[in-house]
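Chemist: First the structure, then my questions, so here it is.
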Amino acid sequence: MAQQPRPFLGLLVGVTAGLVASAAMAAFQAQTQKLLPDSDEDPATVKAADAASEAVIGDPVPEPYRAPAGQAVHYIAGAVIGGIYGVLTEYRPEASAGFGSAYGVATAALLDEAVVPAAGFAPAPDETPLAGHAYGAASHLVYGWVLEGVRALIAGRR
């Protein structure tokens with residue numbers, strides 16, 4: 001018999017799992033970036049923080065706060081995406097396919113390949129080197145795996 005969806009619990013668990021998965025993704029990226037060529041360009045998260053700051057106060061994020069502001073964007077986005085996942089899996093358990101891999105790949109495709117470039121925070125997909133695409137996909141796979149692992153552990157559902 002199918003279990004009754006628990007959307008509020010799914011949201012709370014998803015946000016929590018999203019924060020943990022964001023930390024895992026950041027750790028993965030910190031290690032992986034050592035293998036990639038150095039970039040003088042700000043990360044998309046810092047560019048997004050600048051855009052928000054400019055909308056609110058009319059100026060970009062001041063220099064000493066740029067890295068923490070970028071991290072805040074990363075964790076907020078991870079929490080929101082995790083919350084969506086938590087609710088989604090309450091109604092559609094098959095959304096956890098591949099132990100979160102499908103969701104990780106979907107978020108990479110949606111965010112890295114569409115939303116972030118469309119917002120002007122990253123180059124267009126056809127202007128991004130193959131290593132950049134692989135880096136993004138691998139980062140989001142890590143996010144998806146940890147997201148599902150934490151969600152399944154806390155929510156008690158598989």
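Each chain of the structure tokens is named A, B, ... in the order shown, its residues numbered from 1; ligands are numbered from 1 in display order.
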List every residue of segment 83-129 of chain A that DSSP, applied to the backbone of this structure, assigns to helix (DSSP H, G or I), and report them as a PyMOL selection string.
Modeler: chain A and resi 83-91+93-96+101-118+125-127
Chemist: Write out, as a tab-separated table (two decimals), in the first residue's frame, the residues just selected, with N, CA, C and O atoms.
Modeler:
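The result, written out as part.tsv:
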chain	number	residue	atom	x	y	z
A	83	GLY	N	14.64	21.43	-0.89
A	83	GLY	CA	13.25	21.48	-0.44
A	83	GLY	C	12.28	21.02	-1.51
A	83	GLY	O	11.33	20.27	-1.23
A	84	ILE	N	12.53	21.46	-2.73
A	84	ILE	CA	11.70	21.01	-3.86
A	84	ILE	C	11.79	19.49	-4.00
A	84	ILE	O	10.78	18.80	-4.15
A	85	TYR	N	13.00	18.97	-3.92
A	85	TYR	CA	13.22	17.53	-4.03
A	85	TYR	C	12.50	16.78	-2.91
A	85	TYR	O	11.86	15.74	-3.15
A	86	GLY	N	12.58	17.30	-1.70
A	86	GLY	CA	11.94	16.64	-0.57
A	86	GLY	C	10.43	16.52	-0.75
A	86	GLY	O	9.85	15.47	-0.48
A	87	VAL	N	9.80	17.59	-1.22
A	87	VAL	CA	8.36	17.55	-1.47
A	87	VAL	C	8.06	16.65	-2.66
A	87	VAL	O	7.13	15.82	-2.62
A	88	LEU	N	8.83	16.80	-3.72
A	88	LEU	CA	8.62	16.00	-4.93
A	88	LEU	C	8.67	14.51	-4.63
A	88	LEU	O	7.81	13.74	-5.09
A	89	THR	N	9.66	14.08	-3.85
A	89	THR	CA	9.79	12.65	-3.57
A	89	THR	C	8.68	12.12	-2.66
A	89	THR	O	8.44	10.91	-2.63
A	90	GLU	N	8.03	13.00	-1.92
A	90	GLU	CA	6.87	12.56	-1.13
A	90	GLU	C	5.71	12.17	-2.05
A	90	GLU	O	4.97	11.24	-1.74
A	91	TYR	N	5.56	12.86	-3.16
A	91	TYR	CA	4.47	12.59	-4.09
A	91	TYR	C	4.88	11.63	-5.21
A	91	TYR	O	4.04	10.88	-5.71
A	93	PRO	N	7.91	9.13	-5.52
A	93	PRO	CA	9.14	8.50	-5.03
A	93	PRO	C	10.14	8.17	-6.15
A	93	PRO	O	11.34	8.14	-5.92
A	94	GLU	N	9.63	7.98	-7.36
A	94	GLU	CA	10.52	7.67	-8.47
A	94	GLU	C	11.43	8.85	-8.83
A	94	GLU	O	12.42	8.68	-9.56
A	95	ALA	N	11.17	10.02	-8.27
A	95	ALA	CA	12.06	11.18	-8.49
A	95	ALA	C	13.44	10.95	-7.88
A	95	ALA	O	14.38	11.65	-8.22
A	96	SER	N	13.55	9.96	-7.01
A	96	SER	CA	14.84	9.64	-6.39
A	96	SER	C	15.64	8.63	-7.23
A	96	SER	O	16.65	8.10	-6.75
A	101	SER	N	20.69	10.53	-8.58
A	101	SER	CA	21.46	10.88	-9.78
A	101	SER	C	20.61	11.63	-10.80
A	101	SER	O	21.07	12.60	-11.40
A	102	ALA	N	19.40	11.15	-11.03
A	102	ALA	CA	18.53	11.79	-12.04
A	102	ALA	C	18.26	13.25	-11.66
A	102	ALA	O	18.32	14.14	-12.50
A	103	TYR	N	17.99	13.48	-10.39
A	103	TYR	CA	17.73	14.85	-9.93
A	103	TYR	C	19.00	15.69	-10.03
A	103	TYR	O	18.94	16.85	-10.44
A	104	GLY	N	20.14	15.12	-9.68
A	104	GLY	CA	21.40	15.85	-9.80
A	104	GLY	C	21.68	16.26	-11.23
A	104	GLY	O	22.04	17.41	-11.51
A	105	VAL	N	21.50	15.33	-12.16
A	105	VAL	CA	21.72	15.64	-13.58
A	105	VAL	C	20.70	16.67	-14.07
A	105	VAL	O	21.05	17.59	-14.82
A	106	ALA	N	19.46	16.53	-13.63
A	106	ALA	CA	18.43	17.50	-14.04
A	106	ALA	C	18.76	18.90	-13.53
A	106	ALA	O	18.59	19.89	-14.26
A	107	THR	N	19.25	19.01	-12.30
A	107	THR	CA	19.60	20.34	-11.79
A	107	THR	C	20.81	20.91	-12.52
A	107	THR	O	20.87	22.11	-12.78
A	108	ALA	N	21.76	20.06	-12.90
A	108	ALA	CA	22.91	20.52	-13.68
A	108	ALA	C	22.45	21.06	-15.02
A	108	ALA	O	22.88	22.13	-15.46
A	109	ALA	N	21.57	20.30	-15.68
A	109	ALA	CA	21.08	20.72	-16.99
A	109	ALA	C	20.29	22.02	-16.89
A	109	ALA	O	20.50	22.95	-17.66
A	110	LEU	N	19.42	22.10	-15.92
A	110	LEU	CA	18.58	23.28	-15.78
A	110	LEU	C	19.38	24.51	-15.35
A	110	LEU	O	19.29	25.57	-15.96
A	111	LEU	N	20.18	24.35	-14.30
A	111	LEU	CA	20.91	25.51	-13.76
A	111	LEU	C	22.15	25.86	-14.57
A	111	LEU	O	22.28	26.97	-15.07
A	112	ASP	N	23.08	24.91	-14.68
A	112	ASP	CA	24.37	25.19	-15.31
A	112	ASP	C	24.25	25.44	-16.81
A	112	ASP	O	25.02	26.23	-17.36
A	113	GLU	N	23.33	24.76	-17.45
A	113	GLU	CA	23.24	24.86	-18.90
A	113	GLU	C	22.18	25.84	-19.39
A	113	GLU	O	22.20	26.22	-20.56
A	114	ALA	N	21.27	26.26	-18.52
A	114	ALA	CA	20.19	27.15	-18.97
A	114	ALA	C	20.07	28.42	-18.12
A	114	ALA	O	20.30	29.52	-18.62
A	115	VAL	N	19.71	28.27	-16.86
A	115	VAL	CA	19.38	29.44	-16.03
A	115	VAL	C	20.59	30.34	-15.79
A	115	VAL	O	20.51	31.55	-15.99
A	116	VAL	N	21.71	29.77	-15.36
A	116	VAL	CA	22.89	30.58	-15.02
A	116	VAL	C	23.42	31.33	-16.25
A	116	VAL	O	23.66	32.54	-16.17
A	117	PRO	N	23.57	30.67	-17.41
A	117	PRO	CA	24.00	31.43	-18.59
A	117	PRO	C	22.96	32.47	-19.04
A	117	PRO	O	23.33	33.59	-19.42
A	118	ALA	N	21.68	32.12	-18.96
A	118	ALA	CA	20.63	33.07	-19.37
A	118	ALA	C	20.62	34.31	-18.48
A	118	ALA	O	20.32	35.41	-18.95
A	125	PRO	N	26.39	27.73	-22.99
A	125	PRO	CA	26.90	26.36	-23.02
A	125	PRO	C	27.87	26.09	-24.18
A	125	PRO	O	28.85	25.38	-24.00
A	126	ASP	N	27.61	26.68	-25.35
A	126	ASP	CA	28.52	26.43	-26.48
A	126	ASP	C	29.83	27.19	-26.37
A	126	ASP	O	30.74	26.98	-27.16
A	127	GLU	N	29.94	28.06	-25.36
A	127	GLU	CA	31.18	28.79	-25.11
A	127	GLU	C	31.93	28.24	-23.89
A	127	GLU	O	32.97	28.77	-23.51
Chemist: As a VMD selection string, please: the residues near Arg151 of chain A (cut-off 8 Å, only C-alpha atoms, same-chain neighbours under 4 positions excluded).
Modeler: chain A and resid 13 to 14 17 86 147 155 to 156
Chemist: What's the separation between atom CA of Gly98 of chain A and atom CA of Ala137 of chain A, in Å to one decimal place?
Modeler: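 Atom CA of Ala137 of chain A lies 14.6 Å from atom CA of Gly98 of chain A.
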Chemist: I need the residue nearest Gly144 of chain A from this list: A:Ala49, A:Leu130, A:Ala97, A:Val56. Use only C-alpha atoms for the distance.
Modeler: A:Ala97
Chemist: I'd like to know which of A:Ala122, A:Val150, A:Ala26, A:Leu12 is closest to Ala44 of chain A, using only C-alpha atoms.
Modeler: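 Result for the nearest residue to Ala44 of chain A: A:Ala122.
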Chemist: Applying 9 Å and only C-alpha atoms, which residues near Gly70 of chain A remain after dropping the ones on its own chain fewer than 4 positions away? List them as a list in words.
Modeler: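 Close residues of Gly70 of chain A: Pro43, Ala44, Thr45, Val46, Lys47, Ala48, Ala49, Asp50, Tyr65, Arg66, His74 and Tyr75 of chain A.
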